file upload_38.csv (CSV, C-alpha atoms)
chain,number,residue,atom,x,y,z
N,1,MET,CA,152.2,19.2,-33.9
N,2,ALA,CA,151.1,22.2,-35.8
N,3,ALA,CA,150.4,25.1,-33.5
N,4,ASP,CA,148.1,28.0,-34.3
N,5,LYS,CA,151.0,29.9,-35.7
N,6,MET,CA,151.9,31.7,-38.9
N,7,ALA,CA,155.5,32.3,-40.1
N,8,ILE,CA,156.1,34.8,-42.8
N,9,ILE,CA,159.3,35.5,-44.7
N,10,CYS,CA,159.3,39.1,-45.9
N,11,PHE,CA,162.0,39.1,-48.6
N,12,SER,CA,160.7,42.0,-50.6
N,13,GLY,CA,161.2,45.7,-49.9
N,14,ASP,CA,158.2,46.8,-52.1
N,15,LEU,CA,155.2,48.8,-51.0
N,16,ASP,CA,152.7,46.4,-52.5
N,17,LYS,CA,154.3,43.3,-51.0
N,18,ALA,CA,154.7,45.0,-47.6
N,19,LEU,CA,151.0,45.7,-47.6
N,20,ALA,CA,150.3,42.0,-48.3
N,21,THR,CA,152.6,41.0,-45.5
N,22,PHE,CA,151.1,43.3,-42.9
N,23,ASN,CA,147.5,42.6,-44.1
N,24,LEU,CA,148.1,38.9,-43.6
N,25,ALA,CA,149.9,39.3,-40.3
N,26,THR,CA,147.3,41.6,-38.7
N,27,GLY,CA,144.5,39.4,-40.0
N,28,ALA,CA,146.0,36.3,-38.6
N,29,ALA,CA,146.8,38.0,-35.3
N,30,ALA,CA,143.1,39.2,-35.1
N,31,SER,CA,142.1,35.5,-35.6
N,32,GLY,CA,144.1,34.5,-32.6
N,33,MET,CA,147.2,33.2,-34.3
N,34,GLU,CA,150.7,33.8,-33.1
N,35,VAL,CA,152.5,35.5,-35.9
N,36,THR,CA,156.2,35.9,-36.7
N,37,ILE,CA,157.6,37.9,-39.6
N,38,PHE,CA,161.2,37.2,-40.7
N,39,PHE,CA,162.6,40.2,-42.6
N,40,THR,CA,165.4,39.2,-44.9
N,41,PHE,CA,167.3,40.9,-47.7
N,42,TRP,CA,165.2,43.8,-49.2
N,43,GLY,CA,162.7,43.2,-46.5
N,44,ILE,CA,165.2,44.6,-43.9
N,45,ASN,CA,164.5,48.1,-45.5
N,46,LEU,CA,161.1,48.1,-43.9
N,47,LEU,CA,162.7,48.0,-40.5
N,48,LYS,CA,165.2,50.8,-41.0
N,49,LYS,CA,164.8,53.9,-38.9
N,50,THR,CA,163.9,56.9,-41.0
N,51,ARG,CA,166.4,59.1,-39.4
N,52,GLY,CA,169.4,59.1,-37.0
N,53,ARG,CA,171.0,56.0,-38.6
N,54,LYS,CA,174.6,55.3,-37.8
N,55,GLY,CA,175.1,53.8,-41.2
N,56,ALA,CA,177.8,51.5,-42.6
N,57,SER,CA,181.5,52.1,-42.2
N,58,SER,CA,182.7,51.0,-45.7
N,59,LEU,CA,182.0,53.0,-48.8
N,60,LEU,CA,180.1,50.1,-50.4
N,61,GLY,CA,178.0,49.8,-47.3
N,62,LYS,CA,177.3,53.5,-47.3
N,63,MET,CA,176.2,53.2,-50.9
N,64,PHE,CA,173.8,50.5,-50.0
N,65,ASP,CA,172.3,52.6,-47.3
N,66,TRP,CA,172.1,55.6,-49.6
N,67,MET,CA,170.6,53.8,-52.6
N,68,MET,CA,168.0,51.8,-50.7
N,69,PRO,CA,164.7,52.9,-49.2
N,70,SER,CA,164.7,53.5,-45.5
N,71,GLY,CA,161.6,52.7,-43.6
N,72,PRO,CA,158.1,51.7,-44.6
N,73,ASP,CA,157.1,55.0,-46.1
N,74,LYS,CA,159.9,55.1,-48.7
N,75,LEU,CA,159.2,51.9,-50.5
N,76,PRO,CA,158.9,51.5,-54.3
N,77,LEU,CA,156.2,49.5,-56.0
N,78,SER,CA,157.1,46.1,-57.5
N,79,LYS,CA,155.3,47.2,-60.7
N,80,PHE,CA,154.6,50.6,-62.3
N,81,ASN,CA,157.1,52.3,-60.0
N,82,MET,CA,157.8,54.9,-62.7
N,83,GLY,CA,160.6,56.5,-60.8
N,84,GLY,CA,158.5,57.1,-57.7
N,85,LEU,CA,155.4,58.3,-59.4
N,86,GLY,CA,153.7,54.9,-59.0
N,87,PRO,CA,154.0,54.9,-55.1
N,88,PHE,CA,152.9,58.5,-55.0
N,89,PHE,CA,149.6,57.7,-56.8
N,90,MET,CA,149.2,54.4,-54.9
N,91,LYS,CA,149.5,56.2,-51.6
N,92,LYS,CA,147.0,58.8,-52.7
N,93,GLN,CA,144.6,56.1,-53.7
N,94,MET,CA,145.1,54.2,-50.4
N,95,GLN,CA,144.4,57.4,-48.5
N,96,SER,CA,141.2,58.1,-50.4
N,97,LYS,CA,140.0,54.5,-49.8
N,98,LYS,CA,141.0,54.8,-46.1
N,99,VAL,CA,143.6,52.1,-46.3
N,100,GLN,CA,146.3,52.9,-43.7
N,101,ALA,CA,149.9,53.6,-44.8
N,102,VAL,CA,152.5,50.8,-44.5
N,103,SER,CA,154.0,52.5,-41.5
N,104,GLU,CA,150.6,52.5,-39.7
N,105,PHE,CA,150.1,48.9,-40.7
N,106,LEU,CA,153.5,48.0,-39.3
N,107,ALA,CA,152.7,49.8,-36.0
N,108,LEU,CA,149.4,48.0,-35.8
N,109,ALA,CA,151.0,44.6,-36.3
N,110,ARG,CA,153.4,45.3,-33.4
N,111,GLU,CA,150.6,46.5,-31.2
N,112,MET,CA,148.8,43.2,-31.9
N,113,GLY,CA,151.9,41.2,-30.8
N,114,VAL,CA,153.3,40.2,-34.1
N,115,LYS,CA,157.0,39.2,-33.6
N,116,PHE,CA,159.6,40.8,-35.9
N,117,VAL,CA,162.8,39.0,-36.6
N,118,ALA,CA,165.6,40.5,-38.8
N,119,CYS,CA,168.0,38.3,-40.7
N,120,ILE,CA,171.5,38.7,-39.3
N,121,MET,CA,173.2,37.5,-42.5
N,122,SER,CA,171.4,40.1,-44.7
N,123,MET,CA,172.3,42.8,-42.2
N,124,GLN,CA,176.0,41.8,-42.4
N,125,VAL,CA,176.0,41.8,-46.2
N,126,MET,CA,174.4,45.2,-46.4
N,127,GLU,CA,176.3,46.4,-43.4
N,128,ILE,CA,173.3,47.6,-41.5
N,129,PRO,CA,174.1,48.0,-37.8
N,130,GLU,CA,171.4,46.6,-35.3
N,131,GLU,CA,170.9,50.1,-33.9
N,132,ASP,CA,169.8,51.4,-37.3
N,133,LEU,CA,166.6,49.3,-37.1
N,134,ILE,CA,163.5,50.2,-35.2
N,135,ASP,CA,163.4,49.1,-31.5
N,136,GLY,CA,162.0,45.8,-30.4
N,137,VAL,CA,163.2,43.8,-33.4
N,138,GLU,CA,164.8,40.4,-32.6
N,139,PHE,CA,167.7,39.0,-34.6
N,140,GLY,CA,168.1,35.5,-36.0
N,141,GLY,CA,169.1,33.2,-38.8
N,142,VAL,CA,167.6,30.3,-40.8
N,143,ALA,CA,167.4,28.1,-37.7
N,144,ALA,CA,165.3,30.7,-35.9
N,145,PHE,CA,162.9,30.7,-38.8
N,146,LEU,CA,162.8,26.9,-39.1
N,147,GLN,CA,162.0,26.6,-35.4
N,148,GLU,CA,159.0,28.8,-35.9
N,149,ALA,CA,157.9,27.5,-39.3
N,150,ALA,CA,158.3,23.8,-38.4
N,151,ASP,CA,155.3,23.9,-36.2
N,152,ALA,CA,153.4,26.7,-37.8
N,153,LYS,CA,150.2,25.9,-39.7
N,154,ILE,CA,150.9,28.5,-42.3
N,155,SER,CA,154.2,29.6,-43.7
N,156,LEU,CA,154.5,32.2,-46.5
N,157,PHE,CA,157.3,33.7,-48.5
N,158,ILE,CA,156.6,37.2,-49.7
M,1,MET,CA,118.2,41.9,-33.8
M,2,GLN,CA,119.2,43.1,-30.3
M,3,ALA,CA,122.9,43.4,-29.5
M,4,ASP,CA,124.8,44.2,-26.3
M,5,ALA,CA,127.3,46.4,-28.1
M,6,VAL,CA,127.8,48.0,-31.5
M,7,LEU,CA,131.0,48.3,-33.5
M,8,ASP,CA,131.2,50.9,-36.2
M,9,ALA,CA,133.5,49.4,-38.9
M,10,LYS,CA,132.0,51.5,-41.7
M,11,GLY,CA,134.5,52.8,-44.2
M,12,LEU,CA,137.1,50.2,-43.2
M,13,LEU,CA,138.7,47.8,-45.7
M,14,CYS,CA,140.2,44.4,-45.2
M,15,PRO,CA,141.7,43.4,-42.7
M,16,MET,CA,140.5,46.2,-40.5
M,17,PRO,CA,136.9,45.0,-39.9
M,18,ILE,CA,138.2,41.8,-38.3
M,19,VAL,CA,141.0,43.6,-36.5
M,20,LYS,CA,138.5,45.9,-34.9
M,21,LEU,CA,136.1,43.0,-34.3
M,22,SER,CA,138.8,41.0,-32.5
M,23,GLN,CA,139.8,44.0,-30.4
M,24,LYS,CA,136.1,44.7,-29.4
M,25,MET,CA,135.4,41.1,-28.6
M,26,LYS,CA,138.2,41.1,-26.0
M,27,THR,CA,136.1,43.6,-24.0
M,28,MET,CA,133.0,41.5,-24.0
M,29,THR,CA,131.8,38.6,-21.9
M,30,PRO,CA,130.8,35.1,-23.2
M,31,GLY,CA,127.2,35.0,-24.4
M,32,GLN,CA,127.1,38.7,-25.3
M,33,VAL,CA,126.2,39.7,-28.9
M,34,LEU,CA,128.1,42.3,-30.9
M,35,GLU,CA,126.7,44.1,-33.9
M,36,VAL,CA,129.3,44.9,-36.4
M,37,GLN,CA,128.3,47.6,-38.9
M,38,ALA,CA,130.4,47.3,-42.1
M,39,ASP,CA,130.2,48.4,-45.7
M,40,ASP,CA,133.2,46.5,-46.9
M,41,LYS,CA,132.0,43.8,-49.3
M,42,GLY,CA,134.6,41.4,-48.0
M,43,ALA,CA,133.2,41.6,-44.5
M,44,ALA,CA,130.3,39.4,-45.7
M,45,VAL,CA,132.8,36.5,-46.1
M,46,ASP,CA,135.4,37.5,-43.6
M,47,ILE,CA,133.3,38.0,-40.5
M,48,PRO,CA,131.7,34.5,-40.7
M,49,ALA,CA,135.1,33.0,-41.5
M,50,TRP,CA,136.6,34.9,-38.5
M,51,CYS,CA,133.9,33.4,-36.3
M,52,GLN,CA,134.7,29.9,-37.5
M,53,LYS,CA,138.4,30.4,-37.0
M,54,THR,CA,138.1,31.8,-33.5
M,55,GLY,CA,135.2,29.6,-32.2
M,56,ASN,CA,132.7,32.4,-31.8
M,57,THR,CA,129.2,32.1,-33.2
M,58,PHE,CA,128.0,34.0,-36.3
M,59,LEU,CA,124.3,34.6,-35.8
M,60,CYS,CA,123.1,36.5,-38.9
M,61,SER,CA,123.5,39.5,-41.0
M,62,GLU,CA,120.9,42.3,-41.7
M,63,PRO,CA,121.5,44.3,-44.9
M,64,GLY,CA,120.8,48.0,-44.6
M,65,ASP,CA,120.8,50.9,-47.1
M,66,SER,CA,124.5,51.9,-46.8
M,67,TYR,CA,125.9,49.1,-44.7
M,68,THR,CA,125.3,45.6,-43.4
M,69,SER,CA,124.9,44.6,-39.7
M,70,TYR,CA,126.6,41.4,-38.7
M,71,PHE,CA,125.7,39.8,-35.4
M,72,VAL,CA,128.4,37.8,-33.6
M,73,LYS,CA,128.0,36.0,-30.3
M,74,LYS,CA,131.0,35.6,-28.0
M,75,SER,CA,131.7,32.0,-27.0
call {"tool": "encode", "arguments": {"input": "upload_38.csv", "output": "structure tokens"}}
result
Amino acid sequence: MAADKMAIICFSGDLDKALATFNLATGAAASGMEVTIFFTFWGINLLKKTRGRKGASSLLGKMFDWMMPSGPDKLPLSKFNMGGLGPFFMKKQMQSKKVQAVSEFLALAREMGVKFVACIMSMQVMEIPEEDLIDGVEFGGVAAFLQEAADAKISLFI
Amino acid sequence: MQADAVLDAKGLLCPMPIVKLSQKMKTMTPGQVLEVQADDKGAAVDIPAWCQKTGNTFLCSEPGDSYTSYFVKKS
């Protein structure tokens, strides 16, 4: 039976898509739904600690860590990124419209009890150690997602 | 309309009016009425929809000069 649950896969590591993810998650939590977000692939970047990361051991893994955004305030835009100019203007615009930053949205989601699960496979591919992610994140694979999604009323891939 | 409590959600955009509304409602008792003051255009649709989803009662809205008051009764 479908429970009052929402299961979101956050595959993207873009600012705009992260906003959509947290907007939906906090809105659903505010409406009394139990929300789980599965962060996979580029989405893992949202959960990376901004500083004090242990990093990967191999050269390729180190390159991944160095090339990719770390944390919710370093994300590019999926369109009009223009080498970082796009996110700069987007953040300014969000500030003037009093829309909270992605990091604040993320904190709000957690405060509201939204569950965060990080994909173990993606972390292994990108050589991201568990301790490089923010605290309180659970870890899982496809079965963990299916278990949640199978009886969720709403499942989204972002 | 008389309300038991007022929530100032002016200047907030989606989804914050309903996030604040849900948080405020937790502090209220069944039968009490909350006035939500919001100037987000989306609130006109979102607040009644939130009420329907959560089983609370949407009473009415009163448009003002710079914001609209929405009255919600806790079930």
call {"tool": "closest_residue", "arguments": {"input": "upload_38.csv", "among": "M:Ser69, M:Ser61, M:Gln2, M:Gln52", "to": "chain N", "atoms": "only C-alpha atoms"}}
result
M:Gln52
call {"tool": "interface_residues", "arguments": {"input": "upload_38.csv", "of": "chain N", "to": "chain M", "cutoff": "8 Å", "atoms": "only C-alpha atoms", "output": "compact mmCIF listing (two decimals) with C-alpha atoms, keeping the file's coordinate frame"}}
result
# COMPACT_ATOMS: atom_id res chain seq x y z
CA ASN N 23 147.50 42.60 -44.10
CA LEU N 24 148.10 38.90 -43.60
CA THR N 26 147.30 41.60 -38.70
CA GLY N 27 144.50 39.40 -40.00
CA ALA N 30 143.10 39.20 -35.10
CA SER N 31 142.10 35.50 -35.60
CA GLY N 32 144.10 34.50 -32.60
CA LYS N 97 140.00 54.50 -49.80
CA LYS N 98 141.00 54.80 -46.10
CA VAL N 99 143.60 52.10 -46.30
call {"tool": "residues_around", "arguments": {"input": "upload_38.csv", "residues": "Glu35 (chain M)", "least_positions_apart": "4", "cutoff": "8 Å", "atoms": "all atoms listed in the file", "output": "compact mmCIF listing (two decimals) with C-alpha atoms, in the coordinates of the input"}}
result
# COMPACT_ATOMS: atom_id res chain seq x y z
CA ALA M 3 122.90 43.40 -29.50
CA ASP M 4 124.80 44.20 -26.30
CA ALA M 5 127.30 46.40 -28.10
CA VAL M 6 127.80 48.00 -31.50
CA LEU M 7 131.00 48.30 -33.50
CA SER M 69 124.90 44.60 -39.70
CA TYR M 70 126.60 41.40 -38.70
CA PHE M 71 125.70 39.80 -35.40
CA VAL M 72 128.40 37.80 -33.60
call {"tool": "atom_distance", "arguments": {"input": "upload_38.csv", "atom1": "CA of Ala9 (chain M)", "atom2": "CA of Asp39 (chain M)"}}
result
7.6 Å
call {"tool": "residues_around", "arguments": {"input": "upload_38.csv", "residues": "region 83-92 of chain N", "least_positions_apart": "2", "cutoff": "10 Å", "atoms": "only C-alpha atoms", "output": "PyMOL selection string"}}
result
chain N and resi 14-16+73-81+94-102
call {"tool": "atom_distance", "arguments": {"input": "upload_38.csv", "atom1": "CA of Asp4 (chain N)", "atom2": "CA of Ile47 (chain M)"}}
result
18.9 Å
call {"tool": "atom_distance", "arguments": {"input": "upload_38.csv", "atom1": "CA of Ser155 (chain N)", "atom2": "CA of Glu138 (chain N)"}}
result
18.8 Å
call {"tool": "residues_around", "arguments": {"input": "upload_38.csv", "residues": "Gln147 (chain N)", "least_positions_apart": "4", "cutoff": "12 Å", "atoms": "all atoms listed in the file", "output": "mmCIF file with C-alpha atoms, keeping the file's coordinate frame"}}
result
data_model
loop_
_atom_site.group_PDB
_atom_site.id
_atom_site.type_symbol
_atom_site.label_atom_id
_atom_site.label_comp_id
_atom_site.auth_asym_id
_atom_site.auth_seq_id
_atom_site.Cartn_x
_atom_site.Cartn_y
_atom_site.Cartn_z
ATOM 1 C CA ALA N 2 151.100 22.200 -35.800
ATOM 2 C CA ALA N 3 150.400 25.100 -33.500
ATOM 3 C CA LYS N 5 151.000 29.900 -35.700
ATOM 4 C CA MET N 6 151.900 31.700 -38.900
ATOM 5 C CA ALA N 7 155.500 32.300 -40.100
ATOM 6 C CA THR N 36 156.200 35.900 -36.700
ATOM 7 C CA PHE N 38 161.200 37.200 -40.700
ATOM 8 C CA GLY N 140 168.100 35.500 -36.000
ATOM 9 C CA GLY N 141 169.100 33.200 -38.800
ATOM 10 C CA VAL N 142 167.600 30.300 -40.800
ATOM 11 C CA ALA N 143 167.400 28.100 -37.700
ATOM 12 C CA ASP N 151 155.300 23.900 -36.200
ATOM 13 C CA ALA N 152 153.400 26.700 -37.800
ATOM 14 C CA SER N 155 154.200 29.600 -43.700
#
call {"tool": "residues_near_point", "arguments": {"input": "upload_38.csv", "point": "(149.7, 41.6, -31.2)", "cutoff": "9 Å", "atoms": "only C-alpha atoms", "output": "PyMOL selection string"}}
result
chain N and resi 26+29-30+34-35+108-115
call {"tool": "residues_around", "arguments": {"input": "upload_38.csv", "residues": "Gly61 (chain N)", "least_positions_apart": "4", "cutoff": "6 Å", "atoms": "all atoms listed in the file", "output": "count of residues only"}}
result
3
call {"tool": "closest_residue", "arguments": {"input": "upload_38.csv", "among": "M:Pro48, M:Asn56, M:Lys74, M:Lys10", "to": "Leu34 (chain M)", "atoms": "only C-alpha atoms"}}
result
M:Lys74
call {"tool": "closest_residue", "arguments": {"input": "upload_38.csv", "among": "N:Gly55, N:Glu148, N:Leu47, N:Cys10", "to": "Ser103 (chain N)", "atoms": "only C-alpha atoms"}}
result
N:Leu47
call {"tool": "residues_near_point", "arguments": {"input": "upload_38.csv", "point": "(165.0, 49.1, -45.7)", "cutoff": "10 Å", "atoms": "only C-alpha atoms", "output": "PyMOL selection string"}}
result
chain N and resi 12-14+39-50+64-65+68-75+128+132-133
call {"tool": "build_atoms", "arguments": {"input": "upload_38.csv", "residues": "region 132-157 of chain N", "atoms": "N, CA, C and O atoms", "output": "short mmCIF file (atom, residue, chain, number, x, y, z; two decimals), in the frame of the given file"}}
result
data_model
loop_
_atom_site.label_atom_id
_atom_site.label_comp_id
_atom_site.auth_asym_id
_atom_site.auth_seq_id
_atom_site.Cartn_x
_atom_site.Cartn_y
_atom_site.Cartn_z
N ASP N 132 170.44 50.60 -36.25
CA ASP N 132 169.80 51.40 -37.30
C ASP N 132 168.37 50.85 -37.61
O ASP N 132 167.65 51.42 -38.42
N LEU N 133 168.00 49.77 -36.94
CA LEU N 133 166.60 49.30 -37.10
C LEU N 133 165.77 49.79 -35.96
O LEU N 133 166.27 50.15 -34.90
N ILE N 134 164.45 49.80 -36.20
CA ILE N 134 163.50 50.20 -35.20
C ILE N 134 163.65 49.35 -33.94
O ILE N 134 164.11 48.21 -34.04
N ASP N 135 163.26 49.86 -32.78
CA ASP N 135 163.40 49.10 -31.50
C ASP N 135 162.49 47.91 -31.46
O ASP N 135 161.45 47.89 -32.09
N GLY N 136 162.89 46.94 -30.67
CA GLY N 136 162.00 45.80 -30.40
C GLY N 136 162.09 44.69 -31.44
O GLY N 136 161.29 43.76 -31.40
N VAL N 137 163.03 44.80 -32.37
CA VAL N 137 163.20 43.80 -33.40
C VAL N 137 164.17 42.70 -32.85
O VAL N 137 165.19 43.05 -32.25
N GLU N 138 163.83 41.43 -33.04
CA GLU N 138 164.80 40.40 -32.60
C GLU N 138 165.65 40.02 -33.83
O GLU N 138 165.33 40.37 -34.96
N PHE N 139 166.74 39.33 -33.57
CA PHE N 139 167.70 39.00 -34.60
C PHE N 139 167.82 37.46 -34.69
O PHE N 139 167.84 36.81 -33.65
N GLY N 140 167.94 36.94 -35.91
CA GLY N 140 168.10 35.50 -36.00
C GLY N 140 168.53 35.05 -37.39
O GLY N 140 168.67 35.86 -38.31
N GLY N 141 168.72 33.76 -37.51
CA GLY N 141 169.10 33.20 -38.80
C GLY N 141 168.12 32.14 -39.22
O GLY N 141 167.00 32.09 -38.71
N VAL N 142 168.54 31.29 -40.16
CA VAL N 142 167.60 30.30 -40.80
C VAL N 142 167.07 29.35 -39.71
O VAL N 142 165.89 28.99 -39.77
N ALA N 143 167.87 28.99 -38.73
CA ALA N 143 167.40 28.10 -37.70
C ALA N 143 166.27 28.66 -36.88
O ALA N 143 165.33 27.97 -36.51
N ALA N 144 166.36 29.98 -36.65
CA ALA N 144 165.30 30.70 -35.90
C ALA N 144 164.00 30.62 -36.68
O ALA N 144 162.92 30.42 -36.11
N PHE N 145 164.09 30.79 -38.01
CA PHE N 145 162.90 30.70 -38.80
C PHE N 145 162.33 29.29 -38.84
O PHE N 145 161.14 29.08 -38.65
N LEU N 146 163.21 28.31 -39.05
CA LEU N 146 162.80 26.90 -39.10
C LEU N 146 162.09 26.47 -37.85
O LEU N 146 161.09 25.74 -37.88
N GLN N 147 162.61 26.94 -36.74
CA GLN N 147 162.00 26.60 -35.40
C GLN N 147 160.58 27.06 -35.37
O GLN N 147 159.71 26.34 -34.88
N GLU N 148 160.33 28.27 -35.86
CA GLU N 148 159.00 28.80 -35.90
C GLU N 148 158.12 28.11 -36.93
O GLU N 148 156.97 27.73 -36.68
N ALA N 149 158.68 27.98 -38.13
CA ALA N 149 157.90 27.50 -39.30
C ALA N 149 157.58 26.00 -39.16
O ALA N 149 156.55 25.55 -39.63
N ALA N 150 158.47 25.24 -38.51
CA ALA N 150 158.30 23.80 -38.40
C ALA N 150 156.98 23.41 -37.76
O ALA N 150 156.37 22.42 -38.13
N ASP N 151 156.57 24.21 -36.79
CA ASP N 151 155.30 23.90 -36.20
C ASP N 151 154.22 24.92 -36.41
O ASP N 151 153.25 25.01 -35.67
N ALA N 152 154.41 25.74 -37.46
CA ALA N 152 153.40 26.70 -37.80
C ALA N 152 152.42 26.06 -38.81
O ALA N 152 152.82 25.23 -39.62
N LYS N 153 151.15 26.46 -38.73
CA LYS N 153 150.20 25.90 -39.70
C LYS N 153 150.33 26.56 -41.04
O LYS N 153 150.02 25.96 -42.06
N ILE N 154 150.76 27.81 -41.04
CA ILE N 154 150.90 28.50 -42.30
C ILE N 154 152.26 29.19 -42.38
O ILE N 154 152.67 29.90 -41.46
N SER N 155 152.96 28.93 -43.50
CA SER N 155 154.20 29.60 -43.70
C SER N 155 154.20 30.23 -45.12
O SER N 155 153.80 29.60 -46.09
N LEU N 156 154.61 31.47 -45.20
CA LEU N 156 154.50 32.20 -46.50
C LEU N 156 155.85 32.89 -46.78
O LEU N 156 156.56 33.32 -45.87
N PHE N 157 156.14 32.98 -48.06
CA PHE N 157 157.30 33.70 -48.50
C PHE N 157 156.84 34.86 -49.39
O PHE N 157 156.18 34.64 -50.40
#
